[in-house]
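J.: Structure incoming, see below.
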Amino acid sequence: MATGVLHLPKAEGHTILQLTSAYGPVYRTIKTAPPRDATTEEIPFVDISRIFDENLEVRKAVAEEIRVAATTIGFFYIKNHGIPDKVITAAQAAAQNFFHQPEEIKQRVNQANSKWFNGWNGPDSHRANPVESLDYRESFGFRYDPRYDPSVEDVDAIPQEIKDGFRAEEYCWTQTANLPHFKADVLEYWRSCLALARRLIRIFALALDLPEDYFDRMTSHPDAAVALNYYPTIPESAAKETDVEAVSIGSHTDLQFFTMLWQDQNGGLQVLNRDGQWLNAKPIHGTFVVNIGDYLMRITNDRFVSTVHRAKNFTKNERYSMPFFLGFNFNEICGVLPSCVDDEYPAKYEPISCSEWVHLRFKATNLEGGSGY
Ligand SMILES: O=C(O)CCC(=O)C(=O)O
Ligand SMILES: [Fe+2]
């Protein structure tokens, strides 16, 4: 797959990076200069305690900060997000307990047995980017289940067309029941992220000059997934390889609306800016990193950018991250948003359902994608 890349023209100090997208392979020119730390101008901090303010003008001010970040780098940190430390710590401990188990126990919940990409991905099972190394990563992922969503009063009353899109599998919990707190702690994290994401999506609506509740109906039963990522140290021998770059998770864009990523203090997340320079998005205690996904980029007519990122763990420690991915209800069909078209910029894309979108990307990836859905 990498061979096609070599025929593309390269400028001095640059190289070409191939990426997978729902539209097929795409290419970016990137600098060969080593990654450098992002400045706060490049990846800004947004204090989101203000999204709970009663005053619309205050919420609009937050939306404006998010609009600027979303239209430039496509990444920002959120602070004062209100998710209690103890919820995060418990979920991270649950992840650690899970990944530290012998392989035969993790095999019980192997994603290979799943219909819908739930469960455990073992070492060497995924390659997020076709021209980089296999991911030095294990992960555990699970998807929206209305029974665990506190905003759902009556699961039976959910319309059939929405139910048809549910992709949860209970085996994630029955096959991990040997860890007594795993299900409770991981689901508590998922629920906290879901509640925050539902508030944030209203600020995204404001940032797009839409009524604040514009996306509410489309996210009543959303494709909301958590991945627990476990990254062992990349072995030195792999780091020395020159023909293929060793990565913890290869260069990719996330697929859906937006992602909220908690990462531990080890560092390793890198974000590709518009100049093709890799920036370290260093861990900052008490924050999440939020990034725009491909679906949001599409429905904003490319105004909001879905930015390439990857992770590399070259520390001596094992690294954990816990992204929460938000998409629309699976049956929801969305075209380019009314506020993102005008005479000068007509809609570039047809309406597409969330499920079709996910399907396209999985097809393009040969099911080798990152956890970024
Ligand atoms: O672990 C990280 O820092 C990034 C993870 C990620 O990009 C993903 O899971 O989609
Ligand atoms: Fe990602």
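To be explicit about the labels: the chains of the structure tokens are called A, B, and onward in the order shown, and within each one the residues are counted from 1, while ligands get numbers from 1 in the order they are shown.
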Would you give me, as CSV, each residue of chain A having an atom within 12 Å of an atom of ligand 2, along with its shortest atom pair and that distance in Å to one decimal, using only C-alpha atoms and all ligand atoms and sorting by chain and residue number?
T.:
```
residue,atom,partner,partner_atom_place_in_ligand_line,distance
A:Phe75,CA,ligand 2,1 (Fe),11.2
A:Ala128,CA,ligand 2,1 (Fe),9.2
A:Asn129,CA,ligand 2,1 (Fe),11.3
A:Val226,CA,ligand 2,1 (Fe),11.5
A:Ala227,CA,ligand 2,1 (Fe),10.1
A:Leu228,CA,ligand 2,1 (Fe),12.0
A:Asn229,CA,ligand 2,1 (Fe),10.6
A:Ser248,CA,ligand 2,1 (Fe),11.3
A:Ile249,CA,ligand 2,1 (Fe),8.2
A:Gly250,CA,ligand 2,1 (Fe),9.0
A:Ser251,CA,ligand 2,1 (Fe),8.2
A:His252,CA,ligand 2,1 (Fe),6.4
A:Thr253,CA,ligand 2,1 (Fe),5.9
A:Asp254,CA,ligand 2,1 (Fe),4.9
A:Leu255,CA,ligand 2,1 (Fe),8.3
A:Gln256,CA,ligand 2,1 (Fe),10.3
A:Phe257,CA,ligand 2,1 (Fe),11.9
A:Phe258,CA,ligand 2,1 (Fe),9.9
A:Thr259,CA,ligand 2,1 (Fe),7.6
A:Met260,CA,ligand 2,1 (Fe),9.5
A:Leu261,CA,ligand 2,1 (Fe),8.4
A:Trp262,CA,ligand 2,1 (Fe),11.5
A:Gln263,CA,ligand 2,1 (Fe),11.8
A:Leu269,CA,ligand 2,1 (Fe),9.4
A:Gln270,CA,ligand 2,1 (Fe),10.2
A:Val271,CA,ligand 2,1 (Fe),9.9
A:Val289,CA,ligand 2,1 (Fe),10.6
A:Val290,CA,ligand 2,1 (Fe),10.1
A:Asn291,CA,ligand 2,1 (Fe),8.4
A:Ile292,CA,ligand 2,1 (Fe),9.8
A:Gly293,CA,ligand 2,1 (Fe),8.7
A:Asp294,CA,ligand 2,1 (Fe),10.9
A:Ser306,CA,ligand 2,1 (Fe),10.1
A:Thr307,CA,ligand 2,1 (Fe),9.2
A:Val308,CA,ligand 2,1 (Fe),8.0
A:His309,CA,ligand 2,1 (Fe),6.4
A:Arg310,CA,ligand 2,1 (Fe),6.8
A:Ala311,CA,ligand 2,1 (Fe),8.7
A:Ser321,CA,ligand 2,1 (Fe),10.4
A:Met322,CA,ligand 2,1 (Fe),10.4
A:Pro323,CA,ligand 2,1 (Fe),7.7
A:Phe324,CA,ligand 2,1 (Fe),9.8
A:Phe325,CA,ligand 2,1 (Fe),8.9
A:Leu326,CA,ligand 2,1 (Fe),12.0
A:Gly369,CA,ligand 2,1 (Fe),9.9
A:Gly370,CA,ligand 2,1 (Fe),6.8
A:Ser371,CA,ligand 2,1 (Fe),6.6
A:Gly372,CA,ligand 2,1 (Fe),4.6
A:Tyr373,CA,ligand 2,1 (Fe),8.1
```
J.: Can you pull out every residue within 12 Å of Leu187 of chain A, counting only C-alpha atoms, but drop anything in the same chain fewer than 6 positions away, and send it as a list in words?
T.: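 Within the cut-off, the hits are Val87, Ile88, Ala90, Ala91, Gln92, Ala94, Ala95, Gly141, Phe142, Arg143, Tyr144, Asp145, Pro146, Arg147, Tyr148, Asp149, Pro150, Cys172, Trp173, His181, Cys193, Leu194, Ala224, Ala225, Val226, Ala227, Leu228 and Phe324 of chain A.
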J.: With only C-alpha atoms as the counted atoms, please give the residues lying no more than 7 Å from Phe204 of chain A, apart from itself and same-chain residues fewer than 4 positions off, as a ChimeraX atom specification.
T.: /A:63,200,208
J.: Next, write the just-selected residues to a file, as a PDB file, in the first residue's frame, keeping C-alpha atoms as the atom set.
T.:
```
ATOM      1  CA  ALA A  63     -18.814  29.043  21.593  1.00  0.00           C
ATOM      2  CA  LEU A 200     -20.925  20.621  24.646  1.00  0.00           C
ATOM      3  CA  LEU A 208     -22.145  27.246  14.091  1.00  0.00           C
TER       4      LEU A 208
END
```
J.: Could you check the closest approach to ligand 1 for each of A:Phe166, A:Phe98, A:Phe328, A:Tyr230 and tell me which residue wins, using only C-alpha atoms and all ligand atoms?
T.: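 Closest to ligand 1, using only C-alpha atoms and all ligand atoms: A:Tyr230.
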J.: Given only C-alpha atoms as the basis, pick out the residue of A:Asn178, A:Asn121, A:Asn331, A:Asn280 nearest to Tyr136 of chain A.
T.: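 Ranking A:Asn178, A:Asn121, A:Asn331, A:Asn280 by distance to Tyr136 of chain A, first place goes to A:Asn121.
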J.: Given the choices A:Glu138, A:Asp343, A:Glu241, A:Asp156, which gets closest to ligand 1 if the distance is worked out from only C-alpha atoms and all ligand atoms?
T.: A:Glu138
J.: So that I can check the secondary structure, give me every residue of segment 69-296 of chain A assigned alpha helix (DSSP H) by backbone DSSP, as a VMD selection string.
T.: chain A and resid 69 to 72 85 to 99 103 to 106 160 to 163 171 to 174 182 to 207 236 to 240 294 to 296
J.: For atom CA of Asn313 of chain A and atom 5 (C, counted along the ligand's line) of ligand 1, quote the distance in Å rounded to one decimal.
T.: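 Distance reported for this atom pair: 11.3 Å.
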J.: Please compute the atom CA of Thr287 of chain A-atom CA of Phe314 of chain A distance, one decimal, in Å.
T.: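 Going from atom CA of Thr287 of chain A over to atom CA of Phe314 of chain A covers 22.1 Å.
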J.: Taking the DSSP secondary structure from the backbone, can you list the residues of segment 137-370 of chain A that are strand (DSSP E or B), as a PyMOL selection string?
T.: chain A and resi 138-142+222-231+245-247+249-252+258-263+269-272+278-280+287-292+309-311+319-329+333-334+352-353
J.: Residues as selected, C-alpha atoms, written as a CSV table (one decimal), in the first residue's frame, can you do that?
T.:
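Everything below was put into again.csv:
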```csv
chain,number,residue,atom,x,y,z
A,138,GLU,CA,-4.3,-2.8,23.3
A,139,SER,CA,-7.8,-1.4,23.6
A,140,PHE,CA,-11.2,-2.2,25.0
A,141,GLY,CA,-14.2,-0.5,23.4
A,142,PHE,CA,-17.9,-0.5,23.9
A,222,PRO,CA,-26.1,8.7,19.9
A,223,ASP,CA,-23.3,6.5,18.7
A,224,ALA,CA,-21.4,7.3,21.9
A,225,ALA,CA,-18.4,5.0,22.5
A,226,VAL,CA,-15.6,4.8,24.9
A,227,ALA,CA,-12.2,3.2,24.1
A,228,LEU,CA,-9.8,2.3,26.9
A,229,ASN,CA,-6.4,2.5,25.3
A,230,TYR,CA,-3.4,0.8,26.9
A,231,TYR,CA,0.0,1.6,25.3
A,245,GLU,CA,7.6,4.6,11.7
A,246,ALA,CA,6.9,3.0,15.1
A,247,VAL,CA,3.6,4.3,16.6
A,249,ILE,CA,-1.6,4.4,17.4
A,250,GLY,CA,-1.0,5.4,13.8
A,251,SER,CA,-1.8,8.8,12.2
A,252,HIS,CA,-5.5,9.1,11.7
A,258,PHE,CA,-16.2,15.1,18.2
A,259,THR,CA,-13.9,13.2,20.6
A,260,MET,CA,-13.1,14.0,24.2
A,261,LEU,CA,-9.8,12.4,25.2
A,262,TRP,CA,-8.6,11.9,28.7
A,263,GLN,CA,-4.9,11.0,28.7
A,269,LEU,CA,-0.3,12.5,21.7
A,270,GLN,CA,0.8,14.4,18.6
A,271,VAL,CA,-1.3,16.7,16.4
A,272,LEU,CA,-0.5,17.7,12.8
A,278,TRP,CA,3.8,17.6,14.4
A,279,LEU,CA,2.9,19.2,17.7
A,280,ASN,CA,2.9,17.5,21.1
A,287,THR,CA,-8.3,18.7,31.2
A,288,PHE,CA,-9.6,16.7,28.3
A,289,VAL,CA,-8.4,17.2,24.7
A,290,VAL,CA,-11.3,17.7,22.4
A,291,ASN,CA,-11.0,17.2,18.6
A,292,ILE,CA,-13.3,17.5,15.6
A,309,HIS,CA,-3.2,12.9,15.2
A,310,ARG,CA,-1.3,9.9,16.5
A,311,ALA,CA,0.3,8.7,19.7
A,319,ARG,CA,0.4,4.9,29.0
A,320,TYR,CA,-3.4,5.0,29.2
A,321,SER,CA,-5.9,7.2,27.4
A,322,MET,CA,-9.7,7.0,27.4
A,323,PRO,CA,-11.3,8.7,24.4
A,324,PHE,CA,-15.1,9.2,24.3
A,325,PHE,CA,-16.4,9.4,20.7
A,326,LEU,CA,-19.6,11.2,20.0
A,327,GLY,CA,-21.6,10.6,16.8
A,328,PHE,CA,-25.3,11.2,15.9
A,329,ASN,CA,-28.1,8.7,16.3
A,333,ILE,CA,-29.2,11.7,8.1
A,334,CYS,CA,-27.4,15.1,7.9
A,352,ILE,CA,-25.4,11.0,4.7
A,353,SER,CA,-26.6,8.9,7.6
```
J.: Compile the contact shell of Glu12 of chain A as an MDAnalysis selection string: residues with an atom at most 12 Å away, counting only C-alpha atoms, same-chain residues fewer than 4 positions apart removed.
T.: chainID A and resid 16 29:33
J.: Write a file of the selected residues as a short mmCIF file (atom, residue, chain, number, x, y, z; two decimals), in the first residue's frame, keeping C-alpha atoms.
T.:
```cif
data_model
loop_
_atom_site.label_atom_id
_atom_site.label_comp_id
_atom_site.auth_asym_id
_atom_site.auth_seq_id
_atom_site.Cartn_x
_atom_site.Cartn_y
_atom_site.Cartn_z
CA ILE A 16 4.17 12.48 2.29
CA THR A 29 2.71 16.81 3.04
CA ILE A 30 4.38 16.81 6.41
CA LYS A 31 7.61 18.23 7.80
CA THR A 32 10.35 15.82 8.74
CA ALA A 33 11.34 18.14 11.63
#
```
J.: From the options A:Gln265, A:Ser339, A:Thr89, A:Thr242, which residue's atoms come nearest to ligand 1, counting only C-alpha atoms and all ligand atoms?
T.: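 Of all the options, A:Gln265 lies closest to ligand 1.
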J.: Considering only C-alpha atoms, return as a list in words whatever protein or nucleic-acid residues lie within 9 Å of Pro338 of chain A, sequence-local ones (same chain, fewer than 4 positions apart) excluded.
T.: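 Near neighbours after the sequence-gap exclusion: Leu210, Thr300 and Asp342 of chain A.
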J.: With distances taken over only C-alpha atoms, which residue among A:Thr219, A:Asn266, A:Thr233, A:Gln18 lies nearest Arg137 of chain A?
T.: A:Thr233
